[in-house]
$ cat run-v8.cif   # mmCIF, C-alpha atoms and all ligand atoms
data_start
loop_
_atom_site.group_PDB
_atom_site.id
_atom_site.type_symbol
_atom_site.label_atom_id
_atom_site.label_comp_id
_atom_site.auth_asym_id
_atom_site.auth_seq_id
_atom_site.Cartn_x
_atom_site.Cartn_y
_atom_site.Cartn_z
ATOM 1 C CA MET O 1 14.127 -16.313 -9.516
ATOM 2 C CA ASP O 2 17.874 -16.747 -9.033
ATOM 3 C CA ILE O 3 19.032 -14.985 -5.866
ATOM 4 C CA GLU O 4 22.670 -15.080 -6.976
ATOM 5 C CA ALA O 5 21.863 -13.235 -10.201
ATOM 6 C CA LEU O 6 19.969 -10.592 -8.196
ATOM 7 C CA LYS O 7 22.974 -9.930 -5.975
ATOM 8 C CA GLN O 8 24.462 -7.692 -8.680
ATOM 9 C CA HIS O 9 21.972 -5.094 -7.382
ATOM 10 C CA GLU O 10 23.211 -5.257 -3.785
ATOM 11 C CA ILE O 11 24.798 -2.125 -2.304
ATOM 12 C CA SER O 12 27.099 -2.650 0.642
ATOM 13 C CA GLY O 13 25.574 -1.247 3.832
ATOM 14 C CA ALA O 14 22.352 -0.288 2.030
ATOM 15 C CA ILE O 15 20.760 -3.199 0.163
ATOM 16 C CA ALA O 16 21.134 -6.904 0.880
ATOM 17 C CA ILE O 17 19.287 -9.507 -1.197
ATOM 18 C CA SER O 18 18.466 -12.966 0.107
ATOM 19 C CA ALA O 19 15.769 -15.614 0.222
ATOM 20 C CA GLY O 20 13.049 -14.373 2.550
ATOM 21 C CA ALA O 21 9.842 -15.965 3.755
ATOM 22 C CA GLY O 22 8.754 -18.838 1.551
ATOM 23 C CA GLY O 23 12.148 -18.660 -0.165
ATOM 24 C CA LEU O 24 10.992 -15.573 -2.066
ATOM 25 C CA PRO O 25 13.626 -12.988 -3.057
ATOM 26 C CA ARG O 26 13.742 -10.226 -0.476
ATOM 27 C CA LEU O 27 15.594 -6.912 -0.338
ATOM 28 C CA VAL O 28 16.558 -5.658 3.114
ATOM 29 C CA ILE O 29 17.195 -1.924 2.929
ATOM 30 C CA THR O 30 19.200 -0.052 5.550
ATOM 31 C CA THR O 31 19.546 3.743 5.724
ATOM 32 C CA PRO O 32 20.886 6.091 8.413
ATOM 33 C CA PHE O 33 17.243 6.844 9.290
ATOM 34 C CA SER O 34 15.349 3.590 8.879
ATOM 35 C CA THR O 35 15.121 0.042 7.628
ATOM 36 C CA ALA O 36 12.744 -1.430 5.074
ATOM 37 C CA GLU O 37 11.960 -4.756 3.475
ATOM 38 C CA LEU O 38 10.672 -5.433 -0.041
ATOM 39 C CA TYR O 39 9.782 -8.640 -1.874
ATOM 40 C CA LEU O 40 9.965 -8.927 -5.669
ATOM 41 C CA HIS O 41 6.738 -10.933 -5.358
ATOM 42 C CA GLY O 42 4.182 -8.214 -5.987
ATOM 43 C CA ALA O 43 6.919 -5.533 -5.636
ATOM 44 C CA HIS O 44 5.624 -5.693 -2.108
ATOM 45 C CA VAL O 45 7.007 -3.427 0.609
ATOM 46 C CA THR O 46 6.501 -5.569 3.695
ATOM 47 C CA GLY O 47 8.256 -3.460 6.297
ATOM 48 C CA PHE O 48 9.362 0.060 7.143
ATOM 49 C CA GLN O 49 10.678 1.224 10.511
ATOM 50 C CA LYS O 50 12.242 4.524 11.473
ATOM 51 C CA THR O 51 15.117 4.310 13.923
ATOM 52 C CA GLY O 52 13.711 4.770 17.437
ATOM 53 C CA GLU O 53 10.087 4.167 16.422
ATOM 54 C CA PRO O 54 7.901 1.040 16.378
ATOM 55 C CA ARG O 55 7.438 -0.449 12.896
ATOM 56 C CA LEU O 56 5.175 1.685 10.697
ATOM 57 C CA LEU O 57 3.694 -1.088 8.548
ATOM 58 C CA PHE O 58 1.584 -4.022 9.739
ATOM 59 C CA LEU O 59 2.358 -7.522 8.452
ATOM 60 C CA SER O 60 0.091 -10.405 9.409
ATOM 61 C CA ALA O 61 1.759 -13.241 11.289
ATOM 62 C CA ALA O 62 -0.453 -15.516 9.197
ATOM 63 C CA SER O 63 0.520 -14.060 5.823
ATOM 64 C CA GLN O 64 1.360 -16.455 3.018
ATOM 65 C CA PHE O 65 4.543 -16.016 1.006
ATOM 66 C CA ALA O 66 3.936 -18.145 -2.051
ATOM 67 C CA ALA O 67 3.477 -17.900 -5.792
ATOM 68 C CA GLY O 68 -0.059 -16.969 -6.687
ATOM 69 C CA LYS O 69 -0.869 -15.761 -3.176
ATOM 70 C CA PRO O 70 -0.990 -12.115 -1.979
ATOM 71 C CA ILE O 71 1.105 -11.073 0.995
ATOM 72 C CA ARG O 72 -1.167 -9.871 3.824
ATOM 73 C CA GLY O 73 0.074 -6.542 5.105
ATOM 74 C CA GLY O 74 2.704 -3.999 4.111
ATOM 75 C CA VAL O 75 1.781 -2.204 0.885
ATOM 76 C CA PRO O 76 0.001 -4.437 -1.640
ATOM 77 C CA ILE O 77 -0.132 -2.925 -5.141
ATOM 78 C CA CYS O 78 -3.734 -3.209 -6.316
ATOM 79 C CA PHE O 79 -3.482 -2.992 -10.126
ATOM 80 C CA PRO O 80 -4.882 -2.895 -12.820
ATOM 81 C CA TRP O 81 -8.179 -3.167 -10.961
ATOM 82 C CA PHE O 82 -9.394 -2.720 -7.387
ATOM 83 C CA GLY O 83 -11.693 -5.150 -5.594
ATOM 84 C CA PRO O 84 -13.237 -8.327 -6.997
ATOM 85 C CA ARG O 85 -13.253 -9.043 -10.756
ATOM 86 C CA VAL O 86 -15.098 -11.881 -12.496
ATOM 87 C CA GLY O 87 -12.484 -14.243 -13.937
ATOM 88 C CA GLY O 88 -9.555 -12.542 -12.232
ATOM 89 C CA PRO O 89 -7.874 -12.238 -8.815
ATOM 90 C CA ALA O 90 -9.170 -9.684 -6.316
ATOM 91 C CA HIS O 91 -7.272 -6.371 -6.550
ATOM 92 C CA GLY O 92 -5.643 -7.353 -9.843
ATOM 93 C CA PHE O 93 -2.625 -9.449 -10.785
ATOM 94 C CA ALA O 94 0.215 -7.006 -9.990
ATOM 95 C CA ARG O 95 0.520 -8.169 -6.376
ATOM 96 C CA LEU O 96 0.696 -11.803 -7.521
ATOM 97 C CA THR O 97 3.412 -11.193 -10.112
ATOM 98 C CA ASP O 98 7.189 -11.453 -9.657
ATOM 99 C CA TRP O 99 8.399 -7.973 -10.652
ATOM 100 C CA HIS O 100 11.723 -7.401 -12.418
ATOM 101 C CA LEU O 101 14.374 -5.623 -10.309
ATOM 102 C CA ALA O 102 15.500 -2.884 -12.688
ATOM 103 C CA ALA O 103 17.839 -0.748 -10.573
ATOM 104 C CA THR O 104 19.003 0.126 -7.072
ATOM 105 C CA SER O 105 20.767 3.258 -5.841
ATOM 106 C CA ALA O 106 22.012 4.948 -2.686
ATOM 107 C CA ALA O 107 22.023 8.769 -2.647
ATOM 108 C CA PRO O 108 24.661 10.901 -0.866
ATOM 109 C CA ASP O 109 21.940 12.000 1.616
ATOM 110 C CA GLY O 110 21.517 8.374 2.685
ATOM 111 C CA ARG O 111 18.229 7.638 0.940
ATOM 112 C CA VAL O 112 18.037 4.325 -0.902
ATOM 113 C CA SER O 113 15.916 3.749 -4.016
ATOM 114 C CA VAL O 114 14.721 0.619 -5.775
ATOM 115 C CA ARG O 115 13.110 0.599 -9.221
ATOM 116 C CA LEU O 116 11.000 -2.362 -10.310
ATOM 117 C CA ARG O 117 9.164 -3.155 -13.515
ATOM 118 C CA LEU O 118 6.016 -5.205 -14.114
ATOM 119 C CA PRO O 119 6.997 -7.852 -16.687
ATOM 120 C CA GLU O 120 5.080 -7.691 -19.979
ATOM 121 C CA ALA O 121 4.178 -11.333 -19.392
ATOM 122 C CA ALA O 122 1.853 -10.165 -16.623
ATOM 123 C CA GLY O 123 -0.473 -9.105 -19.415
ATOM 124 C CA PHE O 124 -0.852 -5.353 -18.926
ATOM 125 C CA PRO O 125 -0.495 -3.583 -22.295
ATOM 126 C CA GLY O 126 1.351 -0.512 -20.973
ATOM 127 C CA LYS O 127 4.699 -0.010 -19.215
ATOM 128 C CA VAL O 128 4.496 -0.148 -15.413
ATOM 129 C CA GLU O 129 7.320 0.787 -13.069
ATOM 130 C CA TYR O 130 7.451 1.183 -9.309
ATOM 131 C CA LEU O 131 9.968 3.383 -7.513
ATOM 132 C CA VAL O 132 10.460 2.918 -3.773
ATOM 133 C CA THR O 133 12.582 5.452 -1.881
ATOM 134 C CA VAL O 134 13.553 4.757 1.717
ATOM 135 C CA GLY O 135 14.847 7.418 4.096
ATOM 136 C CA ALA O 136 13.312 9.176 7.090
ATOM 137 C CA THR O 137 10.098 8.772 5.096
ATOM 138 C CA LEU O 138 8.873 6.036 2.753
ATOM 139 C CA THR O 139 7.896 7.105 -0.751
ATOM 140 C CA MET O 140 6.305 4.800 -3.324
ATOM 141 C CA GLU O 141 5.562 5.817 -6.910
ATOM 142 C CA LEU O 142 3.572 3.718 -9.360
ATOM 143 C CA GLN O 143 4.324 4.971 -12.880
ATOM 144 C CA VAL O 144 2.192 3.819 -15.803
ATOM 145 C CA THR O 145 2.948 4.733 -19.436
ATOM 146 C CA ASN O 146 0.480 4.092 -22.233
ATOM 147 C CA THR O 147 2.710 2.552 -24.900
ATOM 148 C CA THR O 148 -0.296 1.424 -26.930
ATOM 149 C CA GLY O 149 -2.150 3.249 -29.662
ATOM 150 C CA ALA O 150 -5.455 3.372 -27.777
ATOM 151 C CA THR O 151 -6.769 4.799 -24.515
ATOM 152 C CA LEU O 152 -5.663 2.728 -21.522
ATOM 153 C CA GLU O 153 -8.011 2.547 -18.538
ATOM 154 C CA PHE O 154 -7.107 1.038 -15.164
ATOM 155 C CA GLU O 155 -7.599 1.276 -11.415
ATOM 156 C CA GLU O 156 -4.677 1.449 -8.992
ATOM 157 C CA CYS O 157 -4.257 1.582 -5.236
ATOM 158 C CA LEU O 158 -1.369 1.325 -2.773
ATOM 159 C CA HIS O 159 -3.229 -0.657 -0.124
ATOM 160 C CA THR O 160 -1.133 0.345 2.891
ATOM 161 C CA TYR O 161 -1.523 -1.542 6.188
ATOM 162 C CA PHE O 162 -0.377 0.587 9.134
ATOM 163 C CA SER O 163 0.711 -0.894 12.450
ATOM 164 C CA VAL O 164 -1.092 0.717 15.400
ATOM 165 C CA GLY O 165 -0.913 0.192 19.170
ATOM 166 C CA ASP O 166 -4.666 -0.391 19.634
ATOM 167 C CA ILE O 167 -7.353 0.428 17.046
ATOM 168 C CA ALA O 168 -9.582 1.652 19.915
ATOM 169 C CA THR O 169 -7.166 4.600 20.389
ATOM 170 C CA VAL O 170 -6.819 5.449 16.674
ATOM 171 C CA VAL O 171 -8.521 8.196 14.671
ATOM 172 C CA ALA O 172 -8.136 9.179 11.019
ATOM 173 C CA ARG O 173 -8.436 12.840 10.089
ATOM 174 C CA GLY O 174 -8.690 14.788 6.830
ATOM 175 C CA LEU O 175 -11.771 13.333 5.169
ATOM 176 C CA LYS O 176 -14.600 15.496 6.546
ATOM 177 C CA GLY O 177 -17.017 16.720 3.882
ATOM 178 C CA LEU O 178 -15.973 14.142 1.306
ATOM 179 C CA LYS O 179 -18.326 11.670 -0.365
ATOM 180 C CA TYR O 180 -17.628 7.989 0.166
ATOM 181 C CA LEU O 181 -18.996 4.611 -0.838
ATOM 182 C CA ASP O 182 -19.704 2.677 2.348
ATOM 183 C CA LYS O 183 -18.948 -0.974 1.542
ATOM 184 C CA VAL O 184 -20.236 -1.991 4.969
ATOM 185 C CA GLY O 185 -23.480 -0.147 4.324
ATOM 186 C CA GLY O 186 -24.289 -1.803 1.024
ATOM 187 C CA LEU O 187 -22.194 0.532 -1.113
ATOM 188 C CA LYS O 188 -24.416 3.509 -0.245
ATOM 189 C CA LEU O 189 -23.007 6.914 -1.190
ATOM 190 C CA LYS O 190 -22.597 8.973 1.986
ATOM 191 C CA GLU O 191 -20.879 12.165 3.105
ATOM 192 C CA GLU O 192 -18.233 12.135 5.827
ATOM 193 C CA THR O 193 -19.463 14.361 8.651
ATOM 194 C CA ASP O 194 -16.741 13.580 11.212
ATOM 195 C CA LYS O 195 -13.487 15.509 11.515
ATOM 196 C CA ALA O 196 -12.047 12.354 13.086
ATOM 197 C CA ILE O 197 -13.022 8.826 12.061
ATOM 198 C CA HIS O 198 -13.095 6.414 15.009
ATOM 199 C CA PHE O 199 -13.044 2.606 14.704
ATOM 200 C CA THR O 200 -15.646 0.739 16.744
ATOM 201 C CA GLY O 201 -16.576 -1.889 14.152
ATOM 202 C CA GLU O 202 -15.831 -2.907 10.559
ATOM 203 C CA VAL O 203 -14.978 0.131 8.408
ATOM 204 C CA ASP O 204 -14.638 -0.191 4.628
ATOM 205 C CA ARG O 205 -15.031 3.151 2.870
ATOM 206 C CA VAL O 206 -13.966 4.380 -0.563
ATOM 207 C CA TYR O 207 -13.612 8.174 -0.386
ATOM 208 C CA LEU O 208 -13.932 9.810 -3.774
ATOM 209 C CA ASN O 209 -12.213 12.896 -5.189
ATOM 210 C CA THR O 210 -9.775 13.059 -2.288
ATOM 211 C CA PRO O 211 -6.418 14.591 -3.242
ATOM 212 C CA GLN O 212 -5.697 15.659 0.317
ATOM 213 C CA PRO O 213 -3.505 14.002 2.993
ATOM 214 C CA VAL O 214 -4.863 11.767 5.743
ATOM 215 C CA ILE O 215 -3.526 11.938 9.304
ATOM 216 C CA ILE O 216 -3.603 8.831 11.494
ATOM 217 C CA GLU O 217 -3.389 9.546 15.231
ATOM 218 C CA ASP O 218 -2.370 6.552 17.332
ATOM 219 C CA GLY O 219 -3.183 7.255 20.993
ATOM 220 C CA LYS O 220 -1.507 4.156 22.401
ATOM 221 C CA LEU O 221 1.806 4.624 20.555
ATOM 222 C CA HIS O 222 1.572 8.428 20.796
ATOM 223 C CA ARG O 223 2.356 8.485 17.082
ATOM 224 C CA THR O 224 1.059 10.696 14.272
ATOM 225 C CA ILE O 225 1.316 9.300 10.751
ATOM 226 C CA ARG O 226 0.910 11.478 7.630
ATOM 227 C CA VAL O 227 -0.259 9.846 4.412
ATOM 228 C CA GLU O 228 0.531 12.364 1.665
ATOM 229 C CA LYS O 229 -0.092 11.699 -1.995
ATOM 230 C CA THR O 230 -0.076 13.122 -5.493
ATOM 231 C CA GLY O 231 -1.769 11.677 -8.543
ATOM 232 C CA SER O 232 -4.439 10.064 -6.393
ATOM 233 C CA ASN O 233 -8.118 10.966 -6.119
ATOM 234 C CA SER O 234 -9.337 8.048 -4.018
ATOM 235 C CA THR O 235 -8.654 7.128 -0.392
ATOM 236 C CA VAL O 236 -9.823 3.835 1.088
ATOM 237 C CA VAL O 237 -10.108 3.331 4.861
ATOM 238 C CA TRP O 238 -10.448 -0.243 6.107
ATOM 239 C CA ASN O 239 -10.465 -2.247 9.277
ATOM 240 C CA PRO O 240 -11.993 -5.745 8.960
ATOM 241 C CA TRP O 241 -12.972 -6.022 12.646
ATOM 242 C CA VAL O 242 -13.681 -9.382 14.220
ATOM 243 C CA THR O 243 -16.030 -11.221 11.823
ATOM 244 C CA LYS O 244 -14.027 -10.475 8.665
ATOM 245 C CA SER O 245 -10.778 -11.191 10.541
ATOM 246 C CA LYS O 246 -11.996 -14.680 11.425
ATOM 247 C CA ALA O 247 -12.980 -15.248 7.806
ATOM 248 C CA MET O 248 -9.475 -14.494 6.474
ATOM 249 C CA ALA O 249 -7.142 -17.501 6.696
ATOM 250 C CA ASP O 250 -4.059 -15.303 6.250
ATOM 251 C CA PHE O 251 -5.011 -12.868 9.018
ATOM 252 C CA GLY O 252 -5.126 -13.527 12.759
ATOM 253 C CA ASP O 253 -8.516 -13.407 14.465
ATOM 254 C CA GLU O 254 -7.307 -10.665 16.824
ATOM 255 C CA GLU O 255 -4.964 -8.817 14.465
ATOM 256 C CA TYR O 256 -7.560 -6.192 13.631
ATOM 257 C CA HIS O 257 -6.726 -4.554 16.966
ATOM 258 C CA ARG O 258 -3.240 -3.691 15.716
ATOM 259 C CA MET O 259 -3.782 -2.415 12.186
ATOM 260 C CA VAL O 260 -5.620 0.065 10.003
ATOM 261 C CA CYS O 261 -5.532 0.470 6.229
ATOM 262 C CA VAL O 262 -5.416 3.937 4.680
ATOM 263 C CA GLU O 263 -5.026 3.305 0.980
ATOM 264 C CA SER O 264 -4.198 5.802 -1.753
ATOM 265 C CA GLY O 265 -5.117 5.331 -5.396
ATOM 266 C CA ASN O 266 -7.587 5.904 -8.184
ATOM 267 C CA VAL O 267 -10.536 3.550 -8.044
ATOM 268 C CA GLY O 268 -14.130 3.402 -9.284
ATOM 269 C CA GLN O 269 -15.199 6.693 -10.808
ATOM 270 C CA ASN O 270 -11.646 7.993 -10.152
ATOM 271 C CA GLN O 271 -10.091 5.321 -12.394
ATOM 272 C CA VAL O 272 -7.309 6.477 -14.737
ATOM 273 C CA ALA O 273 -7.702 6.865 -18.513
ATOM 274 C CA LEU O 274 -4.432 7.477 -20.373
ATOM 275 C CA ALA O 275 -4.328 8.609 -23.981
ATOM 276 C CA PRO O 276 -1.657 6.998 -26.189
ATOM 277 C CA GLY O 277 1.795 8.135 -25.065
ATOM 278 C CA GLU O 278 0.525 9.636 -21.791
ATOM 279 C CA PHE O 279 1.799 8.518 -18.390
ATOM 280 C CA SER O 280 0.566 8.773 -14.791
ATOM 281 C CA THR O 281 2.334 8.679 -11.431
ATOM 282 C CA LEU O 282 0.599 7.671 -8.218
ATOM 283 C CA LYS O 283 2.921 8.873 -5.454
ATOM 284 C CA VAL O 284 2.510 8.221 -1.730
ATOM 285 C CA THR O 285 4.803 9.511 1.012
ATOM 286 C CA LEU O 286 4.506 8.135 4.544
ATOM 287 C CA SER O 287 5.972 10.065 7.456
ATOM 288 C CA SER O 288 5.566 9.761 11.206
ATOM 289 C CA GLN O 289 6.502 11.275 14.533
ATOM 290 C CA ILE O 290 6.243 10.180 18.135
ATOM 291 C CA GLY O 291 4.989 12.552 20.843
HETATM 292 O O1 LIG I 1 -9.411 -2.008 0.654
HETATM 293 C C1 LIG I 1 -10.399 -2.653 1.399
HETATM 294 C C2 LIG I 1 -10.737 -3.961 0.699
HETATM 295 O O2 LIG I 1 -11.236 -3.735 -0.592
HETATM 296 C C3 LIG I 1 -11.733 -4.713 1.582
HETATM 297 O O3 LIG I 1 -13.017 -4.726 1.012
HETATM 298 C C4 LIG I 1 -11.099 -6.104 1.685
HETATM 299 O O4 LIG I 1 -11.511 -6.900 0.605
HETATM 300 C C5 LIG I 1 -9.630 -5.729 1.625
HETATM 301 O O5 LIG I 1 -9.566 -4.777 0.580
HETATM 302 C C6 LIG I 1 -8.658 -6.863 1.488
HETATM 303 O O6 LIG I 1 -8.765 -7.431 0.235
HETATM 304 P P1 LIG I 1 -7.865 -8.741 -0.038
HETATM 305 O O7 LIG I 1 -8.171 -9.150 -1.437
HETATM 306 O O8 LIG I 1 -6.418 -8.330 0.144
HETATM 307 O O9 LIG I 1 -8.265 -9.752 1.004
#
$ encode --input "run-v8.cif" --output "structure tokens" --more "lines below"
Ligand code: TA6
Amino acid sequence: MDIEALKQHEISGAIAISAGAGGLPRLVITTPFSTAELYLHGAHVTGFQKTGEPRLLFLSAASQFAAGKPIRGGVPICFPWFGPRVGGPAHGFARLTDWHLAATSAAPDGRVSVRLRLPEAAGFPGKVEYLVTVGATLTMELQVTNTTGATLEFEECLHTYFSVGDIATVVARGLKGLKYLDKVGGLKLKEETDKAIHFTGEVDRVYLNTPQPVIIEDGKLHRTIRVEKTGSNSTVVWNPWVTKSKAMADFGDEEYHRMVCVESGNVGQNQVALAPGEFSTLKVTLSSQIG
């Protein structure tokens, strides 16, 4: 992808486009409130940091930045399926595709927006766009339009990796009473009985029928993170812990101490079915405060 051709989308003082890791096109976004980083590879937000706060998103030091490889960390777009798929890449092909940069804009209030489009060549029959808005918060919207004449079914998930001070001091709140599939416990269907989920080992849970926000409390950083969403009925909570960490070549053996995934989407029985002409928007807004 020609960096020079992309520079037409630069906005002085707000968006700079250059070759990032692995030579992949990268947008560096600067607002009065924050900075962010986005790769066209996978339309992947790899960084977001509010002024005066530690970075909000985790990015593995061992991540690959290469064609055909997913970036490890930030906000992978899992689409049009979630998890493994016979004959296809885990979590779908959207995060392995170079998305088209459709538009950039800077609003009078200082927020900066980037609109990307999944190329038809990726092989999804509908129209897929992704709108990222950077300000004091980070908002990501995955918009799918069924441009075909038949029902379109798909899974989707914004697989957000959060940076935390120490997983041993982190709890996740907001899921009590909900049913979840425990992928560590052999995909058994269970009910969440805890008001606060603690992390003392591998956690890999798909919470179903969950439209509500999740709060992440980080004791070490004294930070509270709100994961708010619309158009999403599934929440996935994941920490690989030590054995899985060692098994991932693009993830440091000890990195599990400094991250947690709280993912927002529509997976499994919550998958989306669009009638011809219908569209859906999965919208996630991340906010945080220290103290
Ligand atoms: O969202 C949790 C999960 O489905 C885990 O089971 C684990 O596979 C993780 O995603 C990472 O998947 P990836 O394909 O990015 O290695």
$ resolve_selection --input "run-v8.cif" --expression "the PyMOL selection byres (((chain O and resi 112) around 6) and not hetatm)" --output "PyMOL selection string"
chain O and resi 105-106+111+113+133-134
$ write_last_selection --input "run-v8.cif" --atoms "C-alpha atoms" --output "PDB file, in the frame of the given file"
ATOM      1  CA  SER O 105      20.767   3.258  -5.841  1.00  0.00           C
ATOM      2  CA  ALA O 106      22.012   4.948  -2.686  1.00  0.00           C
ATOM      3  CA  ARG O 111      18.229   7.638   0.940  1.00  0.00           C
ATOM      4  CA  SER O 113      15.916   3.749  -4.016  1.00  0.00           C
ATOM      5  CA  THR O 133      12.582   5.452  -1.881  1.00  0.00           C
ATOM      6  CA  VAL O 134      13.553   4.757   1.717  1.00  0.00           C
TER       7      VAL O 134
END
$ closest_atom_pairs --input "run-v8.cif" --of "chain O" --to "ligand LIG 1 (chain I)" --cutoff "10 Å" --atoms "all atoms listed in the file" --output "Markdown table"
| residue | atom | partner | partner_atom | distance |
| --- | --- | --- | --- | --- |
| O:Lys69 | CA | I:LIG1 | O8 | 9.9 |
| O:Pro70 | CA | I:LIG1 | O8 | 6.9 |
| O:Ile71 | CA | I:LIG1 | O8 | 8.1 |
| O:Arg72 | CA | I:LIG1 | O8 | 6.6 |
| O:Gly73 | CA | I:LIG1 | O8 | 8.4 |
| O:Pro76 | CA | I:LIG1 | O8 | 7.7 |
| O:Ile77 | CA | I:LIG1 | O8 | 9.8 |
| O:Cys78 | CA | I:LIG1 | O8 | 8.7 |
| O:Phe82 | CA | I:LIG1 | O2 | 7.1 |
| O:Gly83 | CA | I:LIG1 | O2 | 5.2 |
| O:Pro84 | CA | I:LIG1 | O7 | 7.6 |
| O:Pro89 | CA | I:LIG1 | O7 | 8.0 |
| O:Ala90 | CA | I:LIG1 | O7 | 5.0 |
| O:His91 | CA | I:LIG1 | O7 | 5.9 |
| O:Gly92 | CA | I:LIG1 | O7 | 9.0 |
| O:Arg95 | CA | I:LIG1 | O8 | 9.5 |
| O:Cys157 | CA | I:LIG1 | O1 | 8.6 |
| O:Leu158 | CA | I:LIG1 | O1 | 9.4 |
| O:His159 | CA | I:LIG1 | O1 | 6.4 |
| O:Thr160 | CA | I:LIG1 | O1 | 8.9 |
| O:Tyr161 | CA | I:LIG1 | O1 | 9.6 |
| O:Lys183 | CA | I:LIG1 | O3 | 7.0 |
| O:Val184 | CA | I:LIG1 | O3 | 8.7 |
| O:Val203 | CA | I:LIG1 | C1 | 8.8 |
| O:Asp204 | CA | I:LIG1 | C1 | 5.9 |
| O:Arg205 | CA | I:LIG1 | C1 | 7.6 |
| O:Val206 | CA | I:LIG1 | O1 | 7.9 |
| O:Thr235 | CA | I:LIG1 | O1 | 9.2 |
| O:Val236 | CA | I:LIG1 | O1 | 5.9 |
| O:Val237 | CA | I:LIG1 | O1 | 6.8 |
| O:Trp238 | CA | I:LIG1 | C1 | 5.3 |
| O:Asn239 | CA | I:LIG1 | C1 | 7.9 |
| O:Pro240 | CA | I:LIG1 | C4 | 7.3 |
| O:Lys244 | CA | I:LIG1 | C4 | 8.7 |
| O:Ser245 | CA | I:LIG1 | O9 | 10.0 |
| O:Ala247 | CA | I:LIG1 | O9 | 9.9 |
| O:Met248 | CA | I:LIG1 | O9 | 7.3 |
| O:Ala249 | CA | I:LIG1 | O9 | 9.7 |
| O:Asp250 | CA | I:LIG1 | O9 | 8.7 |
| O:Phe251 | CA | I:LIG1 | O9 | 9.2 |
| O:Cys261 | CA | I:LIG1 | O1 | 7.2 |
| O:Val262 | CA | I:LIG1 | O1 | 8.2 |
| O:Glu263 | CA | I:LIG1 | O1 | 6.9 |
| O:Ser264 | CA | I:LIG1 | O1 | 9.7 |
$ atom_distance --input "run-v8.cif" --atom1 "atom CA of O:Val272" --atom2 "atom CA of O:Leu40"
24.9 Å
$ resolve_selection --input "run-v8.cif" --expression "the PyMOL selection byres (((chain O and resi 242) around 8) and not hetatm)" --output "MDAnalysis selection string"
chainID O and resid 202 240:241 243:246 253:254 256
$ closest_residue --input "run-v8.cif" --among "O:Thr145, O:Asn270, O:Gln8, O:Thr46" --to "O:Arg26" --atoms "all atoms listed in the file"
O:Thr46
$ resolve_selection --input "run-v8.cif" --expression "the PyMOL selection byres (((chain O and resi 35) around 6) and not hetatm)" --output "PyMOL selection string"
chain O and resi 29-30+34+36+48-49
$ residues_around --input "run-v8.cif" --residues "O:Asp2" --least-positions-apart "2" --cutoff "12 Å" --atoms "all atoms listed in the file" --output "list in words"
Glu4, Ala5, Leu6, Lys7, Gln8, Ile17, Ser18, Ala19, Gly23, Leu24, Pro25, Arg26, Leu40, Asp98, His100 and Leu101 of chain O
$ residues_near_point --input "run-v8.cif" --point "(18.7, 13.1, 11.9)" --cutoff "12 Å" --atoms "only C-alpha atoms" --output "list in words"
Thr31, Pro32, Phe33, Ser34, Lys50, Thr51, Gly52, Asp109, Gly110, Gly135, Ala136 and Thr137 of chain O
$ write_last_selection --input "run-v8.cif" --atoms "C-alpha atoms" --output "JSON list (two decimals), in the frame of the given file"
[["chain", "number", "residue", "atom", "x", "y", "z"],
["O", 31, "THR", "CA", 19.55, 3.74, 5.72],
["O", 32, "PRO", "CA", 20.89, 6.09, 8.41],
["O", 33, "PHE", "CA", 17.24, 6.84, 9.29],
["O", 34, "SER", "CA", 15.35, 3.59, 8.88],
["O", 50, "LYS", "CA", 12.24, 4.52, 11.47],
["O", 51, "THR", "CA", 15.12, 4.31, 13.92],
["O", 52, "GLY", "CA", 13.71, 4.77, 17.44],
["O", 109, "ASP", "CA", 21.94, 12.00, 1.62],
["O", 110, "GLY", "CA", 21.52, 8.37, 2.68],
["O", 135, "GLY", "CA", 14.85, 7.42, 4.10],
["O", 136, "ALA", "CA", 13.31, 9.18, 7.09],
["O", 137, "THR", "CA", 10.10, 8.77, 5.10]]
$ residues_around --input "run-v8.cif" --residues "O:Pro276" --least-positions-apart "4" --cutoff "9 Å" --atoms "all atoms listed in the file" --output "list in words"
Thr145, Asn146, Thr147, Thr148, Gly149, Ala150, Thr151 and Leu152 of chain O
$ residues_around --input "run-v8.cif" --residues "O:Phe79" --least-positions-apart "5" --cutoff "12 Å" --atoms "all atoms listed in the file" --output "PyMOL selection string"
chain O and resi 42-43+84-85+88-97+118+122-124+128-130+142-144+153-159+265-267+271-272+282
$ residues_near_point --input "run-v8.cif" --point "(-18.9, 18.3, 12.1)" --cutoff "9 Å" --atoms "only C-alpha atoms" --output "list in words"
Lys176, Gly177, Glu192, Thr193, Asp194 and Lys195 of chain O
$ atom_distance --input "run-v8.cif" --atom1 "atom CA of O:Thr285" --atom2 "atom CA of O:Met140"
6.6 Å
$ closest_residue --input "run-v8.cif" --among "O:Val132, O:Val164, O:Ala67, O:Thr169" --to "O:Leu38" --atoms "only C-alpha atoms"
O:Val132
$ atom_distance --input "run-v8.cif" --atom1 "atom CA of O:Ala196" --atom2 "atom CA of O:Leu59"
25.0 Å
$ closest_atom_pairs --input "run-v8.cif" --of "stretch 90-188 of chain O" --to "stretch 215-228 of chain O" --cutoff "10 Å" --atoms "all atoms listed in the file" --output "CSV"
residue,atom,partner,partner_atom,distance
O:Thr137,CA,O:Arg226,CA,9.9
O:Thr139,CA,O:Glu228,CA,9.4
O:Thr160,CA,O:Val227,CA,9.7
O:Phe162,CA,O:Ile225,CA,9.0
O:Ser163,CA,O:Asp218,CA,9.4
O:Val164,CA,O:Asp218,CA,6.3
O:Gly165,CA,O:Lys220,CA,5.1
O:Asp166,CA,O:Lys220,CA,6.2
O:Ile167,CA,O:Asp218,CA,7.9
O:Ala168,CA,O:Gly219,CA,8.6
O:Thr169,CA,O:Gly219,CA,4.8
O:Val170,CA,O:Asp218,CA,4.6
O:Val171,CA,O:Glu217,CA,5.3
O:Ala172,CA,O:Ile216,CA,4.6
O:Arg173,CA,O:Ile215,CA,5.1
O:Gly174,CA,O:Ile215,CA,6.4
O:Leu175,CA,O:Ile215,CA,9.3
